[in-house]
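Peer 1: The structure is given below, and queries will be raised subsequently.
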Amino acid sequence: MSSVRDRAGALARHRLLWPVVILVALLALNVVFTDNFLHVQMRDGHLYGSLIDILRFGAPLILVALGMTLVIATGGIDLSVGSVVAIGGALACMQISGLADQNSVAGVLSAIGVTLVVALALGAWNGFLVAAVGIQPIIATLILMVAGRGLAQLITDGQIITINSAPYKLVGGGYWLTLPFGILIVIALTALTAFLTRRLALGMFIEAVGGNAEASRLSGIRSRGVLIVTYTFCGLCAGIAGLMISSNVSSADGNNAGLWIELDAILAVVIGGTSLAGGRFSLGGTVLGALIIQTLTTTIYSIGVPPETTLLFKALVVTIVCLLQSPAFRRRIFQWERDDPAPPPPAPGGGPDRPLAGTATGEQVREETVRNG
């Protein structure tokens, strides 16, 4: 019986258990309200279905959340990813709209390359402000969050840029090997991130900087370089997400593209079990958290939640997930997680009735006092 309780307690303490439970519950709710929700079919060599749509529409959020995970693991935060998303989409669409032939593969690749370079530069700028100048991450990235949104609108001249480019459409709305191309991008980038952080020393450096930046610096880790790398990578992820979002709708909206995606990314990271205080991080948990948020959005539309209460409903579900992940909350609710009180340490010398060697008992002290008058 005790072994069963121990196993149940260990399972309940696993940081990915409750996100998985919530995701399964959301999928089950969609099965009830949506006919053929789990049905995936092949049409014209492409996979279609509600589950495929969740992965496709959630791909940009997964990318942004991946970059946010590494930034948060260093003890920082990046509020500018939404603006970088808008800048990336606006810059690519502006260049493609100026091409004589918008279906030119070379022209589209050139636009994508310039966009990614700019995204890398914006991420490196955030890292420079945090690591070299010493500005608090929330302030440093808030600067680009405000200025970047204005820059995106300046690029688009306050208008929605519409394009008609089949090669660019592939990035966010096309298919390859029967799957949406955006899903393949996410798989490739997630695998690359996992390799760099779990198979190489980079992940350990990031966790060390997040745990104690000064101690990691004194131990020989170039903490400033690690910070700049993580913020640069976060900018790159946001830039790719911007390409995917604008490609999916074949247009760029500098005002609304990527709006509040930074908050969803932070929620995905927290739901996935990464602490905002920095240190240990979980890439798998982040992907799971992003899927929960996208599935929740799909659920809201499928069950007919009124639009004016959408954000409240979303906040309620996220609160429940975070509470279930709290060890203190689980100890109060689930009896199998209650820690048994630690037994008192044994008295020195073998027990309370056994004095220390060379120490007189009370009776010996009284006899010695009478003997000495």
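Every chain in the structure tokens takes a letter, A first, then B, and so on in the order presented; its residues are numbered from 1, and the ligands are numbered from 1 following the presented order.
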Tell me, which residues of segment 48-178 of chain A carry DSSP alpha helix (DSSP H), written as a VMD selection string?
Peer 2: chain A and resid 50 to 73 81 to 97 105 to 128 137 to 156 166 to 173
Peer 1: Output as JSON lines one row per residue of segment 37-125 of chain A within 8 Å of segment 229-245 of chain A: the closest atom pair and its distance in Å to one decimal place, counting only C-alpha atoms, sorted by chain and residue number ascending.
Peer 2:
```
{"residue": "A:Ala59", "atom": "CA", "partner": "A:Ala241", "partner_atom": "CA", "distance": 7.8}
{"residue": "A:Pro60", "atom": "CA", "partner": "A:Ala241", "partner_atom": "CA", "distance": 4.5}
{"residue": "A:Leu61", "atom": "CA", "partner": "A:Ala241", "partner_atom": "CA", "distance": 7.4}
{"residue": "A:Leu63", "atom": "CA", "partner": "A:Cys237", "partner_atom": "CA", "distance": 5.4}
{"residue": "A:Val64", "atom": "CA", "partner": "A:Ala238", "partner_atom": "CA", "distance": 5.2}
{"residue": "A:Leu66", "atom": "CA", "partner": "A:Cys237", "partner_atom": "CA", "distance": 7.4}
{"residue": "A:Gly67", "atom": "CA", "partner": "A:Cys234", "partner_atom": "CA", "distance": 3.9}
{"residue": "A:Met68", "atom": "CA", "partner": "A:Cys234", "partner_atom": "CA", "distance": 6.0}
{"residue": "A:Leu70", "atom": "CA", "partner": "A:Thr230", "partner_atom": "CA", "distance": 6.0}
{"residue": "A:Val71", "atom": "CA", "partner": "A:Thr230", "partner_atom": "CA", "distance": 5.6}
{"residue": "A:Asp78", "atom": "CA", "partner": "A:Tyr231", "partner_atom": "CA", "distance": 7.7}
{"residue": "A:Val81", "atom": "CA", "partner": "A:Ala238", "partner_atom": "CA", "distance": 5.5}
{"residue": "A:Gly82", "atom": "CA", "partner": "A:Ala238", "partner_atom": "CA", "distance": 7.3}
{"residue": "A:Val84", "atom": "CA", "partner": "A:Ala238", "partner_atom": "CA", "distance": 5.9}
{"residue": "A:Val85", "atom": "CA", "partner": "A:Gly242", "partner_atom": "CA", "distance": 4.0}
{"residue": "A:Ala86", "atom": "CA", "partner": "A:Gly242", "partner_atom": "CA", "distance": 6.0}
{"residue": "A:Ile87", "atom": "CA", "partner": "A:Gly242", "partner_atom": "CA", "distance": 7.4}
{"residue": "A:Gly88", "atom": "CA", "partner": "A:Gly242", "partner_atom": "CA", "distance": 5.0}
{"residue": "A:Gly89", "atom": "CA", "partner": "A:Gly242", "partner_atom": "CA", "distance": 4.7}
{"residue": "A:Ala92", "atom": "CA", "partner": "A:Leu243", "partner_atom": "CA", "distance": 7.2}
{"residue": "A:Ile112", "atom": "CA", "partner": "A:Leu243", "partner_atom": "CA", "distance": 7.6}
{"residue": "A:Thr115", "atom": "CA", "partner": "A:Gly239", "partner_atom": "CA", "distance": 6.9}
{"residue": "A:Leu116", "atom": "CA", "partner": "A:Gly239", "partner_atom": "CA", "distance": 6.0}
{"residue": "A:Ala119", "atom": "CA", "partner": "A:Gly239", "partner_atom": "CA", "distance": 5.1}
{"residue": "A:Leu120", "atom": "CA", "partner": "A:Leu236", "partner_atom": "CA", "distance": 5.1}
{"residue": "A:Ala121", "atom": "CA", "partner": "A:Thr232", "partner_atom": "CA", "distance": 7.1}
{"residue": "A:Leu122", "atom": "CA", "partner": "A:Gly235", "partner_atom": "CA", "distance": 6.3}
{"residue": "A:Gly123", "atom": "CA", "partner": "A:Thr232", "partner_atom": "CA", "distance": 4.0}
{"residue": "A:Ala124", "atom": "CA", "partner": "A:Thr232", "partner_atom": "CA", "distance": 4.5}
{"residue": "A:Trp125", "atom": "CA", "partner": "A:Thr232", "partner_atom": "CA", "distance": 7.9}
```
Peer 1: What's around Ala100 of chain A at 12 Å? Count only C-alpha atoms, leave out sequence neighbours fewer than 5 positions away in its own chain, and write the answer as a PyMOL selection string.
Peer 2: chain A and resi 95+106-108+163-165
Peer 1: Restricting it to N, CA, C and O atoms, dump the selection as a tab-separated table (two decimals), in the first residue's frame.
Peer 2:
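Okay, this is what ended up in again.tsv:
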```
chain	number	residue	atom	x	y	z
A	95	GLN	N	9.18	43.82	-48.85
A	95	GLN	CA	10.16	43.49	-49.89
A	95	GLN	C	9.54	42.67	-51.01
A	95	GLN	O	9.83	42.91	-52.19
A	106	ALA	N	14.07	33.33	-55.74
A	106	ALA	CA	15.26	34.06	-55.28
A	106	ALA	C	14.85	35.33	-54.53
A	106	ALA	O	15.43	35.67	-53.50
A	107	GLY	N	13.86	36.03	-55.07
A	107	GLY	CA	13.40	37.25	-54.40
A	107	GLY	C	12.79	36.97	-53.05
A	107	GLY	O	13.03	37.71	-52.07
A	108	VAL	N	12.00	35.89	-52.94
A	108	VAL	CA	11.39	35.52	-51.66
A	108	VAL	C	12.45	35.10	-50.65
A	108	VAL	O	12.40	35.49	-49.48
A	163	ILE	N	0.08	40.59	-50.35
A	163	ILE	CA	0.94	40.04	-51.41
A	163	ILE	C	0.29	38.80	-51.99
A	163	ILE	O	-0.66	38.24	-51.42
A	164	ASN	N	0.81	38.35	-53.11
A	164	ASN	CA	0.33	37.13	-53.76
A	164	ASN	C	1.55	36.36	-54.25
A	164	ASN	O	1.95	36.44	-55.41
A	165	SER	N	2.15	35.61	-53.32
A	165	SER	CA	3.40	34.91	-53.61
A	165	SER	C	3.27	33.46	-53.18
A	165	SER	O	3.16	33.16	-51.98
```
Peer 1: If I take atom CA of Gly211 of chain A and atom CA of Leu227 of chain A, how far is one from the other in Å, to one decimal?
Peer 2: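 A separation of 12.9 Å between them.
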Peer 1: What is the atom CA of Glu308 of chain A-atom CA of Leu323 of chain A distance in Å, reported with one decimal?
Peer 2: 24.7 Å
